[in-house]
file coords-v5.txt (compact mmCIF, N, CA and C atoms)
# COMPACT_ATOMS: atom_id res chain seq x y z
N MET A 885 0.83 -1.19 0.00
CA MET A 885 0.00 0.00 0.00
C MET A 885 0.87 1.25 0.00
N LEU A 886 1.92 1.25 0.82
CA LEU A 886 2.83 2.39 0.89
C LEU A 886 3.54 2.58 -0.44
N ALA A 887 3.88 1.49 -1.11
CA ALA A 887 4.53 1.57 -2.42
C ALA A 887 3.61 2.23 -3.44
N CYS A 888 2.33 1.91 -3.39
CA CYS A 888 1.37 2.53 -4.32
C CYS A 888 1.27 4.04 -4.07
N ALA A 889 1.26 4.44 -2.83
CA ALA A 889 1.20 5.87 -2.50
C ALA A 889 2.46 6.58 -2.98
N ALA A 890 3.61 5.96 -2.80
CA ALA A 890 4.87 6.56 -3.26
C ALA A 890 4.89 6.68 -4.78
N LEU A 891 4.42 5.64 -5.47
CA LEU A 891 4.36 5.68 -6.93
C LEU A 891 3.41 6.77 -7.40
N ALA A 892 2.27 6.89 -6.77
CA ALA A 892 1.31 7.93 -7.13
C ALA A 892 1.91 9.32 -6.93
N ALA A 893 2.66 9.51 -5.85
CA ALA A 893 3.30 10.80 -5.59
C ALA A 893 4.35 11.10 -6.65
N CYS A 894 5.11 10.10 -7.06
CA CYS A 894 6.12 10.29 -8.10
C CYS A 894 5.48 10.66 -9.43
N LEU A 895 4.41 9.96 -9.78
CA LEU A 895 3.74 10.24 -11.04
C LEU A 895 3.10 11.62 -11.04
N GLN A 896 2.58 12.01 -9.91
CA GLN A 896 1.97 13.32 -9.80
C GLN A 896 3.03 14.40 -9.97
N GLY A 897 4.20 14.23 -9.38
CA GLY A 897 5.29 15.19 -9.52
C GLY A 897 5.79 15.28 -10.94
N ALA A 898 5.83 14.16 -11.64
CA ALA A 898 6.30 14.15 -13.02
C ALA A 898 5.38 14.97 -13.92
N ALA A 899 4.09 14.97 -13.62
CA ALA A 899 3.15 15.73 -14.44
C ALA A 899 3.38 17.23 -14.32
N LEU A 900 3.97 17.66 -13.23
CA LEU A 900 4.23 19.08 -13.01
C LEU A 900 5.66 19.47 -13.33
N ALA A 901 6.44 18.56 -13.89
CA ALA A 901 7.84 18.85 -14.20
C ALA A 901 7.93 19.93 -15.26
N GLY A 902 9.04 20.66 -15.27
CA GLY A 902 9.26 21.70 -16.24
C GLY A 902 9.56 23.01 -15.55
N HIS A 903 10.14 23.93 -16.29
CA HIS A 903 10.54 25.19 -15.68
C HIS A 903 9.48 26.27 -15.75
N ASP A 904 8.46 26.10 -16.57
CA ASP A 904 7.46 27.16 -16.68
C ASP A 904 6.02 26.67 -16.57
N LEU A 905 5.81 25.39 -16.26
CA LEU A 905 4.49 24.82 -16.05
C LEU A 905 3.53 25.08 -17.22
N ILE A 906 4.08 25.08 -18.44
CA ILE A 906 3.26 25.27 -19.63
C ILE A 906 3.24 23.96 -20.38
N GLU A 907 2.05 23.51 -20.76
CA GLU A 907 1.98 22.32 -21.60
C GLU A 907 2.46 22.71 -22.99
N VAL A 908 3.42 21.96 -23.50
CA VAL A 908 4.01 22.29 -24.79
C VAL A 908 3.50 21.31 -25.84
N ASP A 909 2.96 21.85 -26.90
CA ASP A 909 2.50 21.05 -28.03
C ASP A 909 3.71 20.39 -28.68
N PRO A 910 3.72 19.06 -28.82
CA PRO A 910 4.87 18.40 -29.42
C PRO A 910 5.11 18.84 -30.87
N ALA A 911 4.12 19.42 -31.52
CA ALA A 911 4.28 19.89 -32.89
C ALA A 911 4.83 21.32 -32.93
N LEU A 912 5.02 21.95 -31.79
CA LEU A 912 5.54 23.31 -31.71
C LEU A 912 6.94 23.35 -32.32
N LYS A 913 7.16 24.28 -33.25
CA LYS A 913 8.48 24.40 -33.87
C LYS A 913 9.45 25.01 -32.87
N ARG A 914 10.61 24.37 -32.75
CA ARG A 914 11.66 24.90 -31.87
C ARG A 914 13.01 24.53 -32.44
N HIS A 915 13.99 25.39 -32.16
CA HIS A 915 15.35 25.18 -32.65
C HIS A 915 16.33 25.55 -31.54
N ALA A 916 17.35 24.74 -31.37
CA ALA A 916 18.42 25.05 -30.42
C ALA A 916 19.54 25.76 -31.16
N GLY A 917 20.28 26.57 -30.43
CA GLY A 917 21.39 27.27 -31.04
C GLY A 917 22.43 27.68 -30.03
N GLN A 918 23.52 28.23 -30.54
CA GLN A 918 24.63 28.67 -29.70
C GLN A 918 25.11 30.03 -30.20
N VAL A 919 25.40 30.93 -29.29
CA VAL A 919 25.91 32.26 -29.64
C VAL A 919 27.33 32.12 -30.16
N THR A 920 27.61 32.72 -31.34
CA THR A 920 28.97 32.68 -31.90
C THR A 920 29.65 34.04 -31.89
N ALA A 921 28.87 35.12 -31.85
CA ALA A 921 29.44 36.47 -31.81
C ALA A 921 28.37 37.43 -31.31
N LEU A 922 28.78 38.45 -30.58
CA LEU A 922 27.84 39.46 -30.08
C LEU A 922 27.71 40.58 -31.10
N GLY A 923 26.52 41.18 -31.17
CA GLY A 923 26.29 42.30 -32.06
C GLY A 923 26.93 43.56 -31.50
N GLU A 924 26.90 44.60 -32.31
CA GLU A 924 27.45 45.89 -31.91
C GLU A 924 26.53 46.57 -30.89
N PRO A 925 27.09 47.12 -29.81
CA PRO A 925 26.24 47.84 -28.84
C PRO A 925 25.72 49.15 -29.44
N ASP A 926 24.57 49.60 -28.94
CA ASP A 926 24.05 50.89 -29.37
C ASP A 926 24.82 52.00 -28.67
N GLY A 927 24.38 53.23 -28.80
CA GLY A 927 25.07 54.38 -28.21
C GLY A 927 25.15 54.36 -26.69
N GLU A 928 24.29 53.56 -26.06
CA GLU A 928 24.28 53.47 -24.60
C GLU A 928 24.87 52.15 -24.11
N GLY A 929 25.52 51.40 -25.02
CA GLY A 929 26.19 50.17 -24.64
C GLY A 929 25.31 48.95 -24.54
N ARG A 930 24.07 49.05 -25.02
CA ARG A 930 23.15 47.91 -24.95
C ARG A 930 23.27 47.06 -26.21
N ILE A 931 23.23 45.75 -26.02
CA ILE A 931 23.34 44.80 -27.13
C ILE A 931 21.98 44.15 -27.36
N TYR A 932 21.53 44.19 -28.61
CA TYR A 932 20.24 43.61 -28.96
C TYR A 932 20.34 42.52 -30.03
N SER A 933 21.56 42.19 -30.46
CA SER A 933 21.69 41.16 -31.50
C SER A 933 22.93 40.31 -31.29
N PHE A 934 22.93 39.17 -31.96
CA PHE A 934 24.08 38.27 -31.92
C PHE A 934 24.04 37.36 -33.14
N ARG A 935 25.18 36.76 -33.45
CA ARG A 935 25.26 35.72 -34.49
C ARG A 935 25.17 34.39 -33.79
N ALA A 936 24.61 33.42 -34.48
CA ALA A 936 24.38 32.11 -33.88
C ALA A 936 24.75 31.00 -34.84
N ARG A 937 24.80 29.80 -34.29
CA ARG A 937 24.85 28.60 -35.11
C ARG A 937 23.78 27.68 -34.58
N ARG A 938 23.20 26.91 -35.48
CA ARG A 938 22.13 25.99 -35.08
C ARG A 938 22.72 24.71 -34.53
N LEU A 939 22.03 24.15 -33.57
CA LEU A 939 22.43 22.88 -32.97
C LEU A 939 21.28 21.89 -33.13
N PRO A 940 21.43 20.80 -33.82
CA PRO A 940 22.59 20.43 -34.65
C PRO A 940 22.66 21.30 -35.89
N ALA A 941 23.77 21.21 -36.60
CA ALA A 941 23.99 22.04 -37.78
C ALA A 941 22.83 21.89 -38.77
N ALA A 942 22.39 23.02 -39.31
CA ALA A 942 21.28 23.03 -40.27
C ALA A 942 21.42 24.30 -41.10
N PRO A 943 20.66 24.42 -42.18
CA PRO A 943 20.75 25.64 -43.01
C PRO A 943 20.34 26.88 -42.23
N ASP A 944 20.79 28.05 -42.72
CA ASP A 944 20.40 29.32 -42.12
C ASP A 944 18.89 29.49 -42.19
N PHE A 945 18.37 30.33 -41.29
CA PHE A 945 16.95 30.68 -41.33
C PHE A 945 16.71 31.67 -42.46
N ALA A 946 15.50 31.67 -42.99
CA ALA A 946 15.11 32.68 -43.98
C ALA A 946 15.00 34.03 -43.27
N ALA A 947 15.14 35.11 -44.03
CA ALA A 947 15.05 36.46 -43.46
C ALA A 947 13.73 36.63 -42.73
N ASN A 948 13.80 37.06 -41.48
CA ASN A 948 12.66 37.33 -40.61
C ASN A 948 11.75 36.12 -40.37
N GLU A 949 12.26 34.93 -40.59
CA GLU A 949 11.51 33.71 -40.29
C GLU A 949 11.20 33.60 -38.80
N LEU A 950 12.06 34.17 -37.96
CA LEU A 950 11.93 34.03 -36.51
C LEU A 950 11.19 35.19 -35.85
N ARG A 951 10.72 36.15 -36.62
CA ARG A 951 10.04 37.32 -36.04
C ARG A 951 8.88 36.88 -35.16
N GLY A 952 8.85 37.37 -33.92
CA GLY A 952 7.79 37.05 -32.97
C GLY A 952 8.04 35.79 -32.16
N TRP A 953 9.10 35.05 -32.46
CA TRP A 953 9.40 33.83 -31.72
C TRP A 953 10.00 34.17 -30.36
N ARG A 954 9.90 33.23 -29.42
CA ARG A 954 10.49 33.39 -28.09
C ARG A 954 11.89 32.78 -28.11
N LEU A 955 12.86 33.55 -27.63
CA LEU A 955 14.24 33.09 -27.48
C LEU A 955 14.51 32.99 -25.98
N THR A 956 14.87 31.81 -25.51
CA THR A 956 15.14 31.60 -24.09
C THR A 956 16.58 31.14 -23.93
N MET A 957 17.33 31.84 -23.09
CA MET A 957 18.72 31.47 -22.84
C MET A 957 18.75 30.24 -21.93
N LEU A 958 19.56 29.25 -22.29
CA LEU A 958 19.65 28.01 -21.52
C LEU A 958 20.95 27.87 -20.76
N ALA A 959 21.83 28.85 -20.87
CA ALA A 959 23.10 28.81 -20.16
C ALA A 959 23.63 30.23 -20.02
N GLY A 960 24.55 30.39 -19.10
CA GLY A 960 25.22 31.68 -18.95
C GLY A 960 24.53 32.60 -17.95
N GLN A 961 24.99 33.82 -17.95
CA GLN A 961 24.53 34.84 -17.00
C GLN A 961 23.04 35.15 -17.15
N ARG A 962 22.50 35.01 -18.35
CA ARG A 962 21.09 35.33 -18.60
C ARG A 962 20.22 34.08 -18.64
N PHE A 963 20.65 33.00 -17.97
CA PHE A 963 19.94 31.73 -17.93
C PHE A 963 18.46 31.93 -17.63
N ALA A 964 17.61 31.27 -18.39
CA ALA A 964 16.15 31.22 -18.23
C ALA A 964 15.45 32.54 -18.57
N GLN A 965 16.14 33.53 -19.09
CA GLN A 965 15.46 34.77 -19.48
C GLN A 965 14.99 34.66 -20.92
N ALA A 966 13.79 35.15 -21.16
CA ALA A 966 13.17 35.05 -22.47
C ALA A 966 13.10 36.42 -23.13
N PHE A 967 13.25 36.42 -24.45
CA PHE A 967 13.22 37.64 -25.25
C PHE A 967 12.39 37.36 -26.50
N GLU A 968 11.73 38.38 -27.02
CA GLU A 968 10.99 38.24 -28.27
C GLU A 968 11.91 38.63 -29.42
N VAL A 969 11.97 37.77 -30.43
CA VAL A 969 12.79 38.05 -31.60
C VAL A 969 12.10 39.12 -32.45
N GLN A 970 12.82 40.19 -32.70
CA GLN A 970 12.31 41.27 -33.53
C GLN A 970 12.50 40.92 -35.01
N GLY A 971 13.59 40.24 -35.30
CA GLY A 971 13.86 39.85 -36.68
C GLY A 971 15.17 39.10 -36.78
N ASN A 972 15.43 38.57 -37.96
CA ASN A 972 16.70 37.88 -38.19
C ASN A 972 17.07 37.99 -39.66
N MET A 973 18.34 37.96 -39.89
CA MET A 973 18.90 37.87 -41.24
C MET A 973 19.79 36.65 -41.23
N GLY A 974 19.27 35.53 -41.70
CA GLY A 974 20.03 34.28 -41.58
C GLY A 974 20.21 33.94 -40.12
N LEU A 975 21.45 33.86 -39.69
CA LEU A 975 21.75 33.52 -38.30
C LEU A 975 22.10 34.73 -37.44
N GLN A 976 21.86 35.94 -37.96
CA GLN A 976 22.00 37.17 -37.17
C GLN A 976 20.63 37.42 -36.55
N ILE A 977 20.52 37.31 -35.22
CA ILE A 977 19.24 37.39 -34.53
C ILE A 977 19.18 38.68 -33.72
N THR A 978 18.07 39.41 -33.84
CA THR A 978 17.88 40.66 -33.11
C THR A 978 16.61 40.54 -32.27
N VAL A 979 16.72 40.93 -30.99
CA VAL A 979 15.56 40.91 -30.10
C VAL A 979 15.02 42.33 -29.96
N GLY A 980 13.75 42.43 -29.56
CA GLY A 980 13.12 43.72 -29.36
C GLY A 980 13.56 44.37 -28.06
N THR A 981 13.31 45.64 -27.94
CA THR A 981 13.71 46.40 -26.75
C THR A 981 12.78 46.16 -25.56
N LEU A 982 11.57 45.65 -25.78
CA LEU A 982 10.59 45.47 -24.71
C LEU A 982 11.09 44.56 -23.59
N ASP A 983 11.86 43.53 -23.95
CA ASP A 983 12.36 42.58 -22.95
C ASP A 983 13.75 42.93 -22.43
N GLY A 984 14.26 44.07 -22.84
CA GLY A 984 15.57 44.50 -22.36
C GLY A 984 16.69 44.01 -23.25
N PRO A 985 17.88 44.58 -23.07
CA PRO A 985 19.02 44.18 -23.91
C PRO A 985 19.54 42.80 -23.53
N LEU A 986 20.39 42.28 -24.40
CA LEU A 986 21.01 40.97 -24.20
C LEU A 986 22.31 41.04 -23.41
N ASN A 987 22.64 42.21 -22.90
CA ASN A 987 23.90 42.35 -22.15
C ASN A 987 24.01 41.23 -21.13
N GLY A 988 25.16 40.59 -21.09
CA GLY A 988 25.38 39.48 -20.18
C GLY A 988 25.47 38.14 -20.91
N ILE A 989 24.95 38.08 -22.15
CA ILE A 989 25.14 36.83 -22.89
C ILE A 989 26.59 36.79 -23.35
N ALA A 990 27.08 35.60 -23.66
CA ALA A 990 28.47 35.44 -24.07
C ALA A 990 28.56 34.41 -25.20
N VAL A 991 29.65 34.48 -25.93
CA VAL A 991 29.93 33.49 -26.96
C VAL A 991 29.91 32.11 -26.30
N ASN A 992 29.30 31.16 -26.96
CA ASN A 992 29.12 29.77 -26.52
C ASN A 992 27.91 29.56 -25.63
N ASP A 993 27.20 30.61 -25.19
CA ASP A 993 25.94 30.41 -24.47
C ASP A 993 24.96 29.71 -25.42
N VAL A 994 24.12 28.85 -24.88
CA VAL A 994 23.14 28.15 -25.71
C VAL A 994 21.74 28.69 -25.42
N PHE A 995 20.86 28.51 -26.40
CA PHE A 995 19.50 29.04 -26.30
C PHE A 995 18.56 28.14 -27.07
N VAL A 996 17.28 28.37 -26.89
CA VAL A 996 16.25 27.70 -27.68
C VAL A 996 15.32 28.76 -28.25
N LEU A 997 14.94 28.58 -29.50
CA LEU A 997 13.96 29.42 -30.17
C LEU A 997 12.68 28.61 -30.30
N GLU A 998 11.54 29.21 -29.93
CA GLU A 998 10.27 28.51 -30.01
C GLU A 998 9.24 29.42 -30.67
N ASN A 999 8.42 28.84 -31.51
CA ASN A 999 7.38 29.59 -32.20
C ASN A 999 6.19 29.75 -31.26
N ILE A 1000 6.41 30.56 -30.23
CA ILE A 1000 5.41 30.82 -29.20
C ILE A 1000 5.67 32.22 -28.65
N ALA A 1001 4.63 32.88 -28.23
CA ALA A 1001 4.77 34.25 -27.72
C ALA A 1001 5.47 34.27 -26.37
N VAL A 1002 6.16 35.36 -26.10
CA VAL A 1002 6.77 35.58 -24.78
C VAL A 1002 5.66 35.94 -23.81
N GLU A 1003 5.65 35.29 -22.66
CA GLU A 1003 4.66 35.63 -21.62
C GLU A 1003 5.24 36.73 -20.75
N ARG A 1004 4.47 37.80 -20.61
CA ARG A 1004 4.91 38.94 -19.81
C ARG A 1004 3.90 39.19 -18.71
N ALA A 1005 4.39 39.73 -17.61
CA ALA A 1005 3.50 40.10 -16.50
C ALA A 1005 2.59 41.23 -16.98
N ALA A 1006 1.35 41.22 -16.52
CA ALA A 1006 0.40 42.26 -16.90
C ALA A 1006 0.85 43.60 -16.33
N ARG A 1007 0.73 44.63 -17.14
CA ARG A 1007 1.09 45.98 -16.69
C ARG A 1007 -0.10 46.59 -15.97
N GLN A 1008 0.20 47.31 -14.91
CA GLN A 1008 -0.89 47.93 -14.13
C GLN A 1008 -0.86 49.42 -14.27
call {"tool": "encode", "arguments": {"input": "coords-v5.txt", "output": "structure tokens"}}
result
Amino acid sequence: MLACAALAACLQGAALAGHDLIEVDPALKRHAGQVTALGEPDGEGRIYSFRARRLPAAPDFAANELRGWRLTMLAGQRFAQAFEVQGNMGLQITVGTLDGPLNGIAVNDVFVLENIAVERAARQ
């Protein structure tokens, strides 16, 4: 009986696994990548773009194919922070200003791109 209760508790915990408690559609398009170079900072030292490589290796993205996609950092100083992609030219990716600059990312940091909107706290 105790074993059944323990198994039920384990299964219940597994259903809630994940970092954002969002059910993800298995058909959702997503791509992993790695930062290869940082973009040029603006006049105030903020960085909004970087060059990337796809993991595993694949062809470049079409121009602005990633517009509106969510970019989530999976390593480095900006771990778990999400940004909305403003646009891309091949593997040059630019995020919008709404989610803040990319300052703190570094070459070799990894990320995931998902064709899903960035969730933001409601403004009051």
call {"tool": "closest_residue", "arguments": {"input": "coords-v5.txt", "among": "A:Phe963, A:Phe934, A:Trp953, A:Phe945", "to": "A:Gly988", "atoms": "only N, CA and C atoms"}}
result
A:Phe963
call {"tool": "closest_residue", "arguments": {"input": "coords-v5.txt", "among": "A:Ala959, A:Ile931, A:Val979, A:Ala941", "to": "A:His915", "atoms": "only C-alpha atoms"}}
result
A:Ala941
call {"tool": "residues_around", "arguments": {"input": "coords-v5.txt", "residues": "A:Ser933", "least_positions_apart": "4", "cutoff": "7 Å", "atoms": "only N, CA and C atoms", "output": "PyMOL selection string"}}
result
chain A and resi 921-924+976-979+986
call {"tool": "residues_near_point", "arguments": {"input": "coords-v5.txt", "point": "(22.0, 36.8, -21.5)", "cutoff": "12 Å", "atoms": "only C-alpha atoms", "output": "ChimeraX atom specification"}}
result
/A:918-919,922,930-934,955-967,979,983-995
call {"tool": "write_last_selection", "arguments": {"input": "coords-v5.txt", "atoms": "N, CA and C atoms", "output": "compact mmCIF listing (two decimals), in the coordinates of the input"}}
result
# COMPACT_ATOMS: atom_id res chain seq x y z
N GLN A 918 23.52 28.23 -30.54
CA GLN A 918 24.63 28.67 -29.70
C GLN A 918 25.11 30.03 -30.20
N VAL A 919 25.40 30.93 -29.29
CA VAL A 919 25.91 32.26 -29.64
C VAL A 919 27.33 32.12 -30.16
N LEU A 922 28.78 38.45 -30.58
CA LEU A 922 27.84 39.46 -30.08
C LEU A 922 27.71 40.58 -31.10
N ARG A 930 24.07 49.05 -25.02
CA ARG A 930 23.15 47.91 -24.95
C ARG A 930 23.27 47.06 -26.21
N ILE A 931 23.23 45.75 -26.02
CA ILE A 931 23.34 44.80 -27.13
C ILE A 931 21.98 44.15 -27.36
N TYR A 932 21.53 44.19 -28.61
CA TYR A 932 20.24 43.61 -28.96
C TYR A 932 20.34 42.52 -30.03
N SER A 933 21.56 42.19 -30.46
CA SER A 933 21.69 41.16 -31.50
C SER A 933 22.93 40.31 -31.29
N PHE A 934 22.93 39.17 -31.96
CA PHE A 934 24.08 38.27 -31.92
C PHE A 934 24.04 37.36 -33.14
N LEU A 955 12.86 33.55 -27.63
CA LEU A 955 14.24 33.09 -27.48
C LEU A 955 14.51 32.99 -25.98
N THR A 956 14.87 31.81 -25.51
CA THR A 956 15.14 31.60 -24.09
C THR A 956 16.58 31.14 -23.93
N MET A 957 17.33 31.84 -23.09
CA MET A 957 18.72 31.47 -22.84
C MET A 957 18.75 30.24 -21.93
N LEU A 958 19.56 29.25 -22.29
CA LEU A 958 19.65 28.01 -21.52
C LEU A 958 20.95 27.87 -20.76
N ALA A 959 21.83 28.85 -20.87
CA ALA A 959 23.10 28.81 -20.16
C ALA A 959 23.63 30.23 -20.02
N GLY A 960 24.55 30.39 -19.10
CA GLY A 960 25.22 31.68 -18.95
C GLY A 960 24.53 32.60 -17.95
N GLN A 961 24.99 33.82 -17.95
CA GLN A 961 24.53 34.84 -17.00
C GLN A 961 23.04 35.15 -17.15
N ARG A 962 22.50 35.01 -18.35
CA ARG A 962 21.09 35.33 -18.60
C ARG A 962 20.22 34.08 -18.64
N PHE A 963 20.65 33.00 -17.97
CA PHE A 963 19.94 31.73 -17.93
C PHE A 963 18.46 31.93 -17.63
N ALA A 964 17.61 31.27 -18.39
CA ALA A 964 16.15 31.22 -18.23
C ALA A 964 15.45 32.54 -18.57
N GLN A 965 16.14 33.53 -19.09
CA GLN A 965 15.46 34.77 -19.48
C GLN A 965 14.99 34.66 -20.92
N ALA A 966 13.79 35.15 -21.16
CA ALA A 966 13.17 35.05 -22.47
C ALA A 966 13.10 36.42 -23.13
N PHE A 967 13.25 36.42 -24.45
CA PHE A 967 13.22 37.64 -25.25
C PHE A 967 12.39 37.36 -26.50
N VAL A 979 16.72 40.93 -30.99
CA VAL A 979 15.56 40.91 -30.10
C VAL A 979 15.02 42.33 -29.96
N ASP A 983 11.86 43.53 -23.95
CA ASP A 983 12.36 42.58 -22.95
C ASP A 983 13.75 42.93 -22.43
N GLY A 984 14.26 44.07 -22.84
CA GLY A 984 15.57 44.50 -22.36
C GLY A 984 16.69 44.01 -23.25
N PRO A 985 17.88 44.58 -23.07
CA PRO A 985 19.02 44.18 -23.91
C PRO A 985 19.54 42.80 -23.53
N LEU A 986 20.39 42.28 -24.40
CA LEU A 986 21.01 40.97 -24.20
C LEU A 986 22.31 41.04 -23.41
N ASN A 987 22.64 42.21 -22.90
CA ASN A 987 23.90 42.35 -22.15
C ASN A 987 24.01 41.23 -21.13
N GLY A 988 25.16 40.59 -21.09
CA GLY A 988 25.38 39.48 -20.18
C GLY A 988 25.47 38.14 -20.91
N ILE A 989 24.95 38.08 -22.15
CA ILE A 989 25.14 36.83 -22.89
C ILE A 989 26.59 36.79 -23.35
N ALA A 990 27.08 35.60 -23.66
CA ALA A 990 28.47 35.44 -24.07
C ALA A 990 28.56 34.41 -25.20
N VAL A 991 29.65 34.48 -25.93
CA VAL A 991 29.93 33.49 -26.96
C VAL A 991 29.91 32.11 -26.30
N ASN A 992 29.30 31.16 -26.96
CA ASN A 992 29.12 29.77 -26.52
C ASN A 992 27.91 29.56 -25.63
N ASP A 993 27.20 30.61 -25.19
CA ASP A 993 25.94 30.41 -24.47
C ASP A 993 24.96 29.71 -25.42
N VAL A 994 24.12 28.85 -24.88
CA VAL A 994 23.14 28.15 -25.71
C VAL A 994 21.74 28.69 -25.42
N PHE A 995 20.86 28.51 -26.40
CA PHE A 995 19.50 29.04 -26.30
C PHE A 995 18.56 28.14 -27.07
call {"tool": "atom_distance", "arguments": {"input": "coords-v5.txt", "atom1": "atom CA of A:Gly980", "atom2": "atom CA of A:Glu949"}}
result
14.9 Å
call {"tool": "atom_distance", "arguments": {"input": "coords-v5.txt", "atom1": "atom CA of A:Ala946", "atom2": "atom N of A:Ala916"}}
result
15.1 Å
call {"tool": "closest_residue", "arguments": {"input": "coords-v5.txt", "among": "A:Asn972, A:Gly927, A:Leu912, A:Thr981", "to": "A:Gly952", "atoms": "only N, CA and C atoms"}}
result
A:Asn972
call {"tool": "atom_distance", "arguments": {"input": "coords-v5.txt", "atom1": "atom C of A:Glu1003", "atom2": "atom C of A:Pro910"}}
result
20.6 Å
call {"tool": "closest_residue", "arguments": {"input": "coords-v5.txt", "among": "A:Leu975, A:Leu997, A:Ala1005, A:Leu982", "to": "A:Arg937", "atoms": "all atoms listed in the file"}}
result
A:Leu975
